[in-house]
>>> print(open('upload-v5.txt').read())   # compact mmCIF, C-alpha atoms
# COMPACT_ATOMS: atom_id res chain seq x y z
CA MET F 1 -0.09 7.00 -32.91
CA LEU F 2 -0.54 3.23 -32.99
CA VAL F 3 -3.69 1.74 -31.49
CA LEU F 4 -3.69 -1.93 -30.58
CA ALA F 5 -7.02 -3.72 -30.92
CA HIS F 6 -8.83 -6.69 -29.46
CA LEU F 7 -11.94 -8.07 -31.16
CA HIS F 8 -14.34 -9.67 -28.70
CA VAL F 9 -16.84 -11.97 -30.42
CA LYS F 10 -19.99 -13.35 -28.82
CA GLU F 11 -22.90 -15.15 -30.46
CA ASP F 12 -24.81 -11.99 -31.26
CA LEU F 13 -22.22 -9.27 -30.79
CA MET F 14 -18.79 -8.20 -31.98
CA GLN F 15 -16.95 -5.53 -29.99
CA LEU F 16 -13.65 -3.87 -30.80
CA PHE F 17 -11.51 -2.58 -27.94
CA GLY F 18 -8.50 -0.31 -28.43
CA PHE F 19 -5.38 0.06 -26.30
CA LEU F 20 -2.39 2.38 -26.47
CA GLU F 21 0.05 -0.12 -24.94
CA GLU F 22 0.61 -3.82 -25.57
CA GLU F 23 0.84 -4.41 -21.83
CA GLU F 24 -2.75 -3.15 -21.38
CA ARG F 25 -4.04 -5.37 -24.16
CA GLN F 26 -2.26 -8.44 -22.76
CA LEU F 27 -3.66 -7.82 -19.28
CA PHE F 28 -7.15 -7.24 -20.77
CA ARG F 29 -6.92 -10.61 -22.51
CA LEU F 30 -5.72 -12.33 -19.35
CA LEU F 31 -8.61 -10.82 -17.40
CA LEU F 32 -11.08 -12.08 -20.02
CA SER F 33 -9.80 -15.62 -19.46
CA ILE F 34 -11.14 -15.54 -15.88
CA SER F 35 -14.61 -16.98 -15.34
CA GLY F 36 -17.03 -14.17 -14.49
CA VAL F 37 -14.89 -11.40 -16.01
CA GLY F 38 -16.24 -9.95 -19.22
CA PRO F 39 -14.99 -7.04 -21.31
CA LYS F 40 -16.92 -4.45 -19.30
CA LEU F 41 -15.42 -5.58 -15.98
CA ALA F 42 -11.94 -6.00 -17.50
CA LEU F 43 -12.09 -2.39 -18.72
CA ALA F 44 -13.30 -1.24 -15.29
CA ILE F 45 -10.30 -2.96 -13.70
CA LEU F 46 -7.90 -1.37 -16.19
CA SER F 47 -9.53 2.01 -15.58
CA GLY F 48 -9.48 1.62 -11.80
CA LEU F 49 -5.76 0.97 -11.42
CA GLN F 50 -2.66 1.32 -13.56
CA VAL F 51 -1.35 -1.84 -15.21
CA HIS F 52 1.67 -2.13 -12.90
CA GLU F 53 -0.59 -1.71 -9.85
CA ILE F 54 -2.87 -4.50 -11.03
CA GLN F 55 0.13 -6.73 -11.73
CA GLU F 56 1.61 -5.98 -8.32
CA ALA F 57 -1.71 -6.69 -6.57
CA ILE F 58 -1.95 -10.04 -8.34
CA VAL F 59 1.66 -11.11 -7.81
CA SER F 60 1.68 -9.90 -4.19
CA ASN F 61 -1.54 -11.82 -3.47
CA MET F 62 -3.48 -8.68 -2.48
CA PRO F 63 -7.05 -9.12 -3.80
CA GLU F 64 -8.21 -6.29 -1.53
CA ARG F 65 -6.59 -3.85 -3.97
CA LEU F 66 -8.83 -5.19 -6.75
CA PHE F 67 -12.12 -5.20 -4.87
CA GLU F 68 -11.70 -1.49 -4.23
CA ILE F 69 -12.69 -1.15 -7.91
CA THR F 70 -16.40 -0.71 -8.56
CA GLY F 71 -17.89 -3.94 -9.90
CA VAL F 72 -15.19 -6.25 -8.54
CA GLY F 73 -16.37 -8.36 -5.61
CA LYS F 74 -14.27 -10.25 -3.12
CA LYS F 75 -14.78 -13.59 -4.84
CA THR F 76 -13.93 -12.22 -8.28
CA ALA F 77 -10.83 -10.46 -6.94
CA ALA F 78 -9.68 -13.66 -5.22
CA ARG F 79 -10.28 -15.67 -8.42
CA ILE F 80 -8.30 -13.16 -10.49
CA VAL F 81 -5.35 -13.30 -8.10
CA LEU F 82 -5.47 -17.10 -7.85
CA GLU F 83 -5.71 -17.77 -11.58
CA LEU F 84 -3.37 -15.04 -12.88
CA ARG F 85 -0.56 -14.99 -10.31
CA ASP F 86 1.70 -17.39 -12.21
CA ARG F 87 0.77 -16.08 -15.66
CA ILE F 88 1.18 -12.37 -14.89
CA LEU F 89 5.00 -12.52 -14.80
CA LYS F 90 4.98 -13.55 -18.45
CA LEU F 91 3.81 -10.06 -19.43
CA ARG F 92 6.64 -7.95 -20.77
CA PRO F 93 6.17 -4.21 -20.40
CA SER F 94 6.77 -2.19 -23.52
CA GLY F 95 8.91 0.31 -21.63
CA GLY F 96 11.54 -2.18 -20.48
CA THR F 97 11.97 -4.75 -17.76
CA LYS F 98 11.99 -2.50 -14.71
CA SER F 99 8.40 -3.20 -13.62
CA VAL F 100 8.73 -6.94 -14.27
CA SER F 101 11.87 -7.10 -12.13
CA ARG F 102 10.07 -5.08 -9.47
CA LEU F 103 7.19 -7.56 -9.60
CA SER F 104 9.45 -10.57 -9.40
CA GLU F 105 11.31 -8.91 -6.52
CA SER F 106 7.99 -8.40 -4.76
CA SER F 107 7.03 -12.01 -5.42
CA MET F 108 10.41 -13.27 -4.20
CA ARG F 109 10.10 -11.12 -1.08
CA ASP F 110 6.65 -12.55 -0.32
CA ASP F 111 7.80 -16.13 -0.93
CA ALA F 112 10.86 -15.71 1.29
CA VAL F 113 8.83 -14.08 4.08
CA ASN F 114 6.22 -16.86 3.88
CA ALA F 115 8.98 -19.48 4.08
CA LEU F 116 10.40 -17.86 7.22
CA VAL F 117 6.94 -17.58 8.80
CA THR F 118 6.41 -21.27 8.06
CA LEU F 119 9.67 -21.96 9.88
CA GLY F 120 8.21 -20.23 12.94
CA PHE F 121 9.53 -16.66 12.77
CA LEU F 122 7.29 -13.64 13.34
CA ARG F 123 6.14 -12.01 10.10
CA SER F 124 7.58 -8.61 11.13
CA VAL F 125 11.00 -10.15 11.88
CA ALA F 126 10.93 -12.11 8.62
CA GLN F 127 9.98 -9.03 6.58
CA LYS F 128 12.79 -6.97 8.08
CA ALA F 129 15.38 -9.69 7.49
CA VAL F 130 14.27 -10.31 3.89
CA THR F 131 14.30 -6.58 3.12
CA GLU F 132 17.87 -6.34 4.43
CA SER F 133 18.84 -9.39 2.36
CA LEU F 134 17.35 -7.87 -0.78
CA THR F 135 19.53 -4.79 -0.41
CA SER F 136 22.72 -6.77 0.22
CA LEU F 137 22.42 -9.52 -2.43
CA ARG F 138 22.75 -9.18 -6.20
CA ASN F 139 20.18 -11.01 -8.34
CA PRO F 140 19.04 -13.27 -5.51
CA GLN F 141 16.75 -16.26 -5.80
CA VAL F 142 14.18 -17.05 -3.10
CA GLU F 143 16.53 -19.66 -1.58
CA ASP F 144 19.31 -17.05 -1.32
CA LEU F 145 16.97 -14.61 0.40
CA VAL F 146 15.83 -17.21 2.93
CA ARG F 147 19.41 -18.34 3.64
CA ASP F 148 20.70 -14.79 4.07
CA ALA F 149 17.68 -13.76 6.14
CA LEU F 150 18.23 -16.74 8.45
CA LEU F 151 21.80 -15.60 8.99
CA THR F 152 20.57 -12.06 9.67
CA ILE F 153 17.96 -13.23 12.17
CA ARG F 154 20.32 -15.52 14.05
CA THR F 155 23.18 -13.00 14.17
CA PRO F 156 22.44 -10.16 16.62
>>> encode(input="upload-v5.txt", output="structure tokens")
Amino acid sequence: MLVLAHLHVKEDLMQLFGFLEEEERQLFRLLLSISGVGPKLALAILSGLQVHEIQEAIVSNMPERLFEITGVGKKTAARIVLELRDRILKLRPSGGTKSVSRLSESSMRDDAVNALVTLGFLRSVAQKAVTESLTSLRNPQVEDLVRDALLTIRTP
């Protein structure tokens, strides 16, 4: 069994943290880069939710999932989501790319829905159209989803 380590050094203290998966260690390090998040809180977050759930909450802009964890307040959760949203997609899971593609699909879905809402469509209508577009298109980009969803909405 391989244990991955992170050495956290402060003025008067050195702490060693161990992780079984590289994905956990990367997320731990990303969490430490957020102002107000120390090793104790980062471990609490990793213990409160699975790595893919934390990633999905961040990418999907759902801080409420994070402040369900003991010790994470609303402001801290919002700061984590705001500062890590773009950086979280750079994490590569050790088990393959399935969860990253699921995260990017979730992010694309949210971006496409937000674009349609900005254009004046109801969120429920936009969500339904984007979901249908996701099932019909192969490897879509956000622009493709919006275009196809517009066609779906306008065609009865």
>>> residues_around(input="upload-v5.txt", residues="stretch 136-143 of chain F", least_positions_apart="3", cutoff="8 Å", atoms="all atoms listed in the file", output="PyMOL selection string")
chain F and resi 108-109+111-112+132-133+146-147
>>> atom_distance(input="upload-v5.txt", atom1="atom CA of F:Asp144", atom2="atom CA of F:Glu56")
22.0 Å
>>> residues_around(input="upload-v5.txt", residues="stretch 81-87 of chain F", least_positions_apart="6", cutoff="7 Å", atoms="only C-alpha atoms", output="JSON, numbers by chain")
{"F": [58, 59, 61, 63]}
>>> atom_distance(input="upload-v5.txt", atom1="atom CA of F:Glu22", atom2="atom CA of F:Glu64")
25.7 Å
>>> closest_residue(input="upload-v5.txt", among="F:Ala57, F:Leu122, F:Leu151, F:Ile34", to="F:Ser107", atoms="only C-alpha atoms")
F:Ala57
>>> residues_around(input="upload-v5.txt", residues="F:Ser33", least_positions_apart="3", cutoff="12 Å", atoms="only C-alpha atoms", output="VMD selection string")
chain F and resid 8 26 to 30 36 to 39 42 79 to 80 83 to 84 87
>>> write_last_selection(input="upload-v5.txt", atoms="C-alpha atoms", output="CSV table (one decimal), in the coordinates of the input")
chain,number,residue,atom,x,y,z
F,8,HIS,CA,-14.3,-9.7,-28.7
F,26,GLN,CA,-2.3,-8.4,-22.8
F,27,LEU,CA,-3.7,-7.8,-19.3
F,28,PHE,CA,-7.2,-7.2,-20.8
F,29,ARG,CA,-6.9,-10.6,-22.5
F,30,LEU,CA,-5.7,-12.3,-19.4
F,36,GLY,CA,-17.0,-14.2,-14.5
F,37,VAL,CA,-14.9,-11.4,-16.0
F,38,GLY,CA,-16.2,-10.0,-19.2
F,39,PRO,CA,-15.0,-7.0,-21.3
F,42,ALA,CA,-11.9,-6.0,-17.5
F,79,ARG,CA,-10.3,-15.7,-8.4
F,80,ILE,CA,-8.3,-13.2,-10.5
F,83,GLU,CA,-5.7,-17.8,-11.6
F,84,LEU,CA,-3.4,-15.0,-12.9
F,87,ARG,CA,0.8,-16.1,-15.7
>>> closest_residue(input="upload-v5.txt", among="F:Leu150, F:Ile45, F:Glu68, F:Ser106", to="F:Phe121", atoms="only C-alpha atoms")
F:Leu150
>>> residues_around(input="upload-v5.txt", residues="F:Leu7", least_positions_apart="4", cutoff="8 Å", atoms="only C-alpha atoms", output="PyMOL selection string")
chain F and resi 14-17
>>> atom_distance(input="upload-v5.txt", atom1="atom CA of F:Lys40", atom2="atom CA of F:Lys74")
17.4 Å
>>> closest_residue(input="upload-v5.txt", among="F:Leu49, F:Asp110, F:Phe19, F:Thr135", to="F:Arg123", atoms="only C-alpha atoms")
F:Asp110
>>> build_atoms(input="upload-v5.txt", residues="stretch 21-49 of chain F", atoms="N, CA and C atoms", output="tab-separated table (two decimals), keeping the file's coordinate frame")
chain	number	residue	atom	x	y	z
F	21	GLU	N	-1.14	0.65	-25.28
F	21	GLU	CA	0.05	-0.12	-24.94
F	21	GLU	C	-0.24	-1.61	-25.03
F	22	GLU	N	0.75	-2.37	-25.47
F	22	GLU	CA	0.61	-3.82	-25.57
F	22	GLU	C	0.37	-4.45	-24.21
F	23	GLU	N	0.99	-3.90	-23.19
F	23	GLU	CA	0.84	-4.41	-21.83
F	23	GLU	C	-0.62	-4.35	-21.38
F	24	GLU	N	-1.32	-3.27	-21.72
F	24	GLU	CA	-2.75	-3.15	-21.38
F	24	GLU	C	-3.57	-4.20	-22.10
F	25	ARG	N	-3.29	-4.39	-23.38
F	25	ARG	CA	-4.04	-5.37	-24.16
F	25	ARG	C	-3.81	-6.79	-23.63
F	26	GLN	N	-2.57	-7.11	-23.30
F	26	GLN	CA	-2.26	-8.44	-22.76
F	26	GLN	C	-3.00	-8.68	-21.44
F	27	LEU	N	-2.98	-7.68	-20.56
F	27	LEU	CA	-3.66	-7.82	-19.28
F	27	LEU	C	-5.17	-7.92	-19.48
F	28	PHE	N	-5.73	-7.17	-20.42
F	28	PHE	CA	-7.15	-7.24	-20.77
F	28	PHE	C	-7.51	-8.67	-21.18
F	29	ARG	N	-6.68	-9.25	-22.04
F	29	ARG	CA	-6.92	-10.61	-22.51
F	29	ARG	C	-6.80	-11.62	-21.39
F	30	LEU	N	-5.84	-11.43	-20.50
F	30	LEU	CA	-5.72	-12.33	-19.35
F	30	LEU	C	-6.95	-12.23	-18.45
F	31	LEU	N	-7.42	-11.01	-18.22
F	31	LEU	CA	-8.61	-10.82	-17.40
F	31	LEU	C	-9.83	-11.49	-18.01
F	32	LEU	N	-9.94	-11.45	-19.34
F	32	LEU	CA	-11.08	-12.08	-20.02
F	32	LEU	C	-11.06	-13.60	-19.86
F	33	SER	N	-9.90	-14.16	-19.61
F	33	SER	CA	-9.80	-15.62	-19.46
F	33	SER	C	-10.34	-16.10	-18.11
F	34	ILE	N	-10.63	-15.19	-17.21
F	34	ILE	CA	-11.14	-15.54	-15.88
F	34	ILE	C	-12.66	-15.68	-15.95
F	35	SER	N	-13.17	-16.76	-15.39
F	35	SER	CA	-14.61	-16.98	-15.34
F	35	SER	C	-15.28	-15.85	-14.56
F	36	GLY	N	-16.31	-15.26	-15.14
F	36	GLY	CA	-17.03	-14.17	-14.49
F	36	GLY	C	-16.52	-12.79	-14.83
F	37	VAL	N	-15.43	-12.71	-15.60
F	37	VAL	CA	-14.89	-11.40	-16.01
F	37	VAL	C	-15.14	-11.24	-17.50
F	38	GLY	N	-15.98	-10.27	-17.83
F	38	GLY	CA	-16.24	-9.95	-19.22
F	38	GLY	C	-15.51	-8.68	-19.61
F	39	PRO	N	-15.70	-8.22	-20.84
F	39	PRO	CA	-14.99	-7.04	-21.31
F	39	PRO	C	-15.30	-5.78	-20.49
F	40	LYS	N	-16.54	-5.64	-20.06
F	40	LYS	CA	-16.92	-4.45	-19.30
F	40	LYS	C	-16.18	-4.40	-17.96
F	41	LEU	N	-16.12	-5.52	-17.25
F	41	LEU	CA	-15.42	-5.58	-15.98
F	41	LEU	C	-13.91	-5.47	-16.17
F	42	ALA	N	-13.38	-6.10	-17.22
F	42	ALA	CA	-11.94	-6.00	-17.50
F	42	ALA	C	-11.55	-4.55	-17.75
F	43	LEU	N	-12.37	-3.81	-18.49
F	43	LEU	CA	-12.09	-2.39	-18.72
F	43	LEU	C	-12.20	-1.59	-17.42
F	44	ALA	N	-13.16	-1.94	-16.58
F	44	ALA	CA	-13.30	-1.24	-15.29
F	44	ALA	C	-12.06	-1.46	-14.44
F	45	ILE	N	-11.51	-2.67	-14.46
F	45	ILE	CA	-10.30	-2.96	-13.70
F	45	ILE	C	-9.13	-2.15	-14.25
F	46	LEU	N	-8.99	-2.13	-15.57
F	46	LEU	CA	-7.90	-1.37	-16.19
F	46	LEU	C	-8.07	0.13	-15.98
F	47	SER	N	-9.29	0.59	-15.83
F	47	SER	CA	-9.53	2.01	-15.58
F	47	SER	C	-9.34	2.36	-14.11
F	48	GLY	N	-9.56	1.37	-13.23
F	48	GLY	CA	-9.48	1.62	-11.80
F	48	GLY	C	-8.06	1.72	-11.26
F	49	LEU	N	-7.15	0.97	-11.85
F	49	LEU	CA	-5.76	0.97	-11.42
F	49	LEU	C	-4.85	0.96	-12.64
